[in-house]
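Undergrad: Structure file protein-v5.tsv (TSV, C-alpha atoms) right here:
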chain	number	residue	atom	x	y	z
A	1	PRO	CA	-66.05	72.66	28.84
A	2	ILE	CA	-63.46	70.01	28.06
A	3	ASP	CA	-61.61	68.50	31.01
A	4	TRP	CA	-58.34	66.89	29.89
A	5	LYS	CA	-56.19	64.67	32.04
A	6	LEU	CA	-52.69	63.64	31.06
A	7	VAL	CA	-51.42	60.46	32.67
A	8	THR	CA	-47.67	60.02	32.99
A	9	ASN	CA	-45.20	57.86	34.86
A	10	LEU	CA	-42.77	60.77	35.06
A	11	PRO	CA	-42.38	62.63	38.35
A	12	VAL	CA	-44.44	65.83	38.62
A	13	GLU	CA	-43.70	67.60	41.88
A	14	ASP	CA	-44.86	71.13	41.07
A	15	LEU	CA	-46.57	73.33	38.49
A	16	SER	CA	-43.39	73.99	36.48
A	17	ALA	CA	-42.79	70.24	36.15
A	18	ALA	CA	-46.40	69.76	35.03
A	19	VAL	CA	-46.07	72.53	32.44
A	20	GLU	CA	-42.83	70.94	31.22
A	21	LYS	CA	-44.55	67.56	30.73
A	22	LEU	CA	-47.44	69.26	28.92
A	23	GLY	CA	-44.91	70.89	26.60
A	24	TRP	CA	-43.39	67.51	25.85
A	25	TYR	CA	-46.82	66.09	25.11
A	26	ALA	CA	-47.60	69.01	22.78
A	27	LEU	CA	-44.47	68.16	20.78
A	28	ARG	CA	-45.92	64.70	20.16
A	29	TRP	CA	-48.29	66.26	17.62
A	30	LYS	CA	-45.34	67.32	15.50
A	31	ALA	CA	-43.97	63.79	15.56
A	32	GLU	CA	-47.38	62.52	14.44
A	33	VAL	CA	-47.46	65.00	11.54
A	34	PHE	CA	-43.92	64.02	10.50
A	35	HIS	CA	-44.90	60.35	10.39
A	36	LYS	CA	-48.04	61.22	8.43
A	37	VAL	CA	-45.85	62.95	5.84
A	38	MET	CA	-43.69	59.81	5.65
A	39	LYS	CA	-46.68	57.49	5.33
A	40	SER	CA	-49.02	59.55	3.16
A	41	GLY	CA	-46.83	62.06	1.38
A	42	CYS	CA	-43.90	59.74	0.68
A	43	ARG	CA	-45.98	56.55	0.63
A	44	ALA	CA	-43.63	54.68	2.94
A	45	GLU	CA	-46.03	51.79	3.43
A	46	GLU	CA	-46.29	51.14	-0.30
A	47	ALA	CA	-42.60	50.32	-0.66
A	48	ARG	CA	-42.09	46.72	-1.75
A	49	LEU	CA	-38.39	46.25	-1.20
A	50	GLU	CA	-36.97	42.75	-1.00
A	51	THR	CA	-34.30	43.18	1.67
A	52	ALA	CA	-34.02	44.89	5.01
A	53	GLU	CA	-30.99	46.80	3.73
A	54	ARG	CA	-32.95	48.29	0.83
A	55	LEU	CA	-35.83	49.16	3.14
A	56	ALA	CA	-33.46	50.86	5.58
A	57	LYS	CA	-31.92	52.93	2.76
A	58	PHE	CA	-35.36	53.87	1.45
A	59	LEU	CA	-36.58	54.89	4.90
A	60	ALA	CA	-33.43	56.97	5.45
A	61	LEU	CA	-34.05	58.80	2.18
A	62	ILE	CA	-37.72	59.49	2.78
A	63	ALA	CA	-36.99	60.56	6.35
A	64	VAL	CA	-34.91	63.42	4.94
A	65	VAL	CA	-37.56	64.27	2.34
A	66	SER	CA	-40.32	64.06	4.96
A	67	TRP	CA	-38.42	66.30	7.36
A	68	ARG	CA	-37.95	68.87	4.59
A	69	ILE	CA	-41.65	68.84	3.70
A	70	PHE	CA	-42.56	69.00	7.40
A	71	PHE	CA	-40.18	71.92	7.98
A	72	ILE	CA	-41.56	73.90	5.03
A	73	THR	CA	-45.13	73.16	6.16
A	74	MET	CA	-44.53	74.24	9.76
A	75	SER	CA	-42.68	77.36	8.58
A	76	ALA	CA	-45.55	78.30	6.24
A	77	ARG	CA	-48.07	77.82	9.05
A	78	ALA	CA	-46.04	80.05	11.36
A	79	LYS	CA	-45.32	82.76	8.75
A	80	PRO	CA	-47.51	82.27	5.67
A	81	ASP	CA	-46.75	85.71	4.23
A	82	ALA	CA	-42.98	85.36	4.61
A	83	ALA	CA	-40.68	85.40	1.62
A	84	PRO	CA	-40.12	81.86	0.34
A	85	ASP	CA	-36.34	82.19	0.54
A	86	ILE	CA	-36.44	81.80	4.32
A	87	VAL	CA	-36.75	78.03	3.76
A	88	LEU	CA	-36.45	77.40	0.02
A	89	THR	CA	-33.24	77.64	-1.96
A	90	PHE	CA	-32.87	79.86	-5.01
A	91	ALA	CA	-32.89	76.74	-7.21
A	92	GLU	CA	-36.11	75.46	-5.61
A	93	ILE	CA	-37.84	78.81	-6.05
A	94	THR	CA	-36.66	79.06	-9.66
A	95	ALA	CA	-37.87	75.54	-10.45
A	96	LEU	CA	-41.29	76.21	-8.92
A	97	ASP	CA	-41.53	79.53	-10.79
A	98	ARG	CA	-40.77	77.78	-14.10
A	99	ILE	CA	-43.30	75.03	-13.45
A	100	ASP	CA	-45.92	77.64	-12.60
A	101	ALA	CA	-45.11	79.79	-15.64
A	102	SER	CA	-45.66	76.78	-17.93
A	103	ARG	CA	-49.28	76.41	-16.78
A	104	THR	CA	-52.09	77.88	-18.84
A	105	ARG	CA	-53.29	79.64	-15.68
A	106	PRO	CA	-50.35	80.35	-13.35
A	107	ARG	CA	-51.18	79.86	-9.69
A	108	LEU	CA	-48.44	81.85	-7.97
A	109	GLN	CA	-50.23	85.15	-7.54
A	110	ARG	CA	-48.10	86.34	-4.62
A	111	PRO	CA	-44.55	85.23	-3.85
A	112	THR	CA	-45.25	84.04	-0.30
A	113	LEU	CA	-44.07	80.96	1.50
A	114	ALA	CA	-47.67	79.71	1.73
A	115	ALA	CA	-48.11	80.06	-2.05
A	116	TYR	CA	-44.94	78.07	-2.72
A	117	LEU	CA	-45.97	75.39	-0.23
A	118	LEU	CA	-49.25	75.05	-2.11
A	119	GLN	CA	-47.31	74.61	-5.35
A	120	ILE	CA	-45.19	71.87	-3.79
A	121	ALA	CA	-48.29	70.13	-2.41
A	122	MET	CA	-49.96	70.23	-5.81
A	123	LEU	CA	-46.91	68.61	-7.39
A	124	GLY	CA	-47.49	65.78	-4.94
A	125	GLY	CA	-51.13	65.39	-5.92
A	126	TYR	CA	-52.93	67.84	-3.63
A	127	LEU	CA	-55.90	69.24	-5.58
A	128	ALA	CA	-56.48	72.47	-3.62
A	129	ARG	CA	-60.23	72.27	-4.11
A	130	ASN	CA	-62.80	73.57	-1.66
A	131	HIS	CA	-64.87	70.97	0.17
A	132	ASP	CA	-62.56	68.01	-0.62
As structure tokens, how would this structure be written, given the file I've shared?
TA:
Amino acid sequence: PIDWKLVTNLPVEDLSAAVEKLGWYALRWKAEVFHKVMKSGCRAEEARLETAERLAKFLALIAVVSWRIFFITMSARAKPDAAPDIVLTFAEITALDRIDASRTRPRLQRPTLAAYLLQIAMLGGYLARNHD
């Protein structure tokens, strides 16, 4: 069995306070995933901008893009079989449908949120291969 201990400098007087702090800690994972999207998906660290102002504008832009990707990803994990229009706009769905239709072997077999997320990931370079 795994025995985890969480160290904090916040006051924990009872079980409900401990559960609250554990909930806060669990949210940290989402922040880590968001930053991974910024760094890996949007390649934040590869930006070679010459001024702090340009860097700030770039980071503001990719923060919005990263949040959107993160939101779609978390939504697809929670409800993979949901209709894509719960998080994607009509224009986004239409664009992805057209891109897919232009392939020699279309990949969108079922119109689910998970399928559309896979399409978006593949546009960003994800290969969707087993054992990669």
Undergrad: Could you name the residues that touch region 115-118 of chain A at 9 Å or less, counting only C-alpha atoms, but leaving out those on the same chain fewer than 4 positions away, as a PDB file with C-alpha atoms, keeping the file's coordinate frame?
TA:
ATOM      1  CA  ILE A  69     -41.650  68.840   3.700  1.00  0.00           C
ATOM      2  CA  ILE A  72     -41.560  73.900   5.030  1.00  0.00           C
ATOM      3  CA  THR A  73     -45.130  73.160   6.160  1.00  0.00           C
ATOM      4  CA  ALA A  76     -45.550  78.300   6.240  1.00  0.00           C
ATOM      5  CA  PRO A  80     -47.510  82.270   5.670  1.00  0.00           C
ATOM      6  CA  ASP A  81     -46.750  85.710   4.230  1.00  0.00           C
ATOM      7  CA  PRO A  84     -40.120  81.860   0.340  1.00  0.00           C
ATOM      8  CA  LEU A  88     -36.450  77.400   0.020  1.00  0.00           C
ATOM      9  CA  ILE A  93     -37.840  78.810  -6.050  1.00  0.00           C
ATOM     10  CA  LEU A  96     -41.290  76.210  -8.920  1.00  0.00           C
ATOM     11  CA  ASP A  97     -41.530  79.530 -10.790  1.00  0.00           C
ATOM     12  CA  ARG A 107     -51.180  79.860  -9.690  1.00  0.00           C
ATOM     13  CA  LEU A 108     -48.440  81.850  -7.970  1.00  0.00           C
ATOM     14  CA  GLN A 109     -50.230  85.150  -7.540  1.00  0.00           C
ATOM     15  CA  ARG A 110     -48.100  86.340  -4.620  1.00  0.00           C
ATOM     16  CA  PRO A 111     -44.550  85.230  -3.850  1.00  0.00           C
ATOM     17  CA  MET A 122     -49.960  70.230  -5.810  1.00  0.00           C
ATOM     18  CA  LEU A 123     -46.910  68.610  -7.390  1.00  0.00           C
ATOM     19  CA  TYR A 126     -52.930  67.840  -3.630  1.00  0.00           C
ATOM     20  CA  ALA A 128     -56.480  72.470  -3.620  1.00  0.00           C
TER      21      ALA A 128
END
Undergrad: What is the distance, in Å and to one decimal place, between CA of Ile2 (chain A) and CA of Met74 (chain A)?
TA: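 Taking CA of Ile2 (chain A) as the start and CA of Met74 (chain A) as the end point, the length is 26.7 Å.
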Undergrad: As an exercise, work out the distance from CA of Arg68 (chain A) to CA of Ala91 (chain A) in Å and give it to one decimal place.
TA: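 Computing it gives 15.1 Å between the two atoms.
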Undergrad: Have a look at A:Ala95, A:Trp4, A:Gly124, A:His131 and name the one nearest to Arg43 (chain A); count only C-alpha atoms.
TA: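 Closest residue, counting only C-alpha atoms: A:Gly124.
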Undergrad: Near Phe70 (chain A), within 12 Å and counting all atoms listed in the file, which residues show up once chain neighbours fewer than 2 positions away are dropped, as a list in words?
TA: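 Near Phe70 (chain A), the qualifying residues are Lys30, Ala31, Glu32, Val33, Phe34, His35, Lys36, Val37, Met38, Gly41, Cys42, Ile62, Ala63, Val64, Val65, Ser66, Trp67, Arg68, Ile72, Thr73, Met74, Ser75, Ala76, Arg77, Val87, Leu117, Ile120 and Ala121 of chain A.
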Undergrad: Which value, in Å to one decimal, gives the distance between CA of Gly23 (chain A) and CA of Asn9 (chain A)?
TA: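 One can read the CA of Gly23 (chain A) to CA of Asn9 (chain A) distance as 15.4 Å.
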Undergrad: I'd like to know which of A:Val7, A:Ala114, A:Val19, A:Val12 is closest to Ala78 (chain A), using only C-alpha atoms.
TA: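 Of A:Val7, A:Ala114, A:Val19, A:Val12, the one nearest Ala78 (chain A) is A:Ala114, counting only C-alpha atoms.
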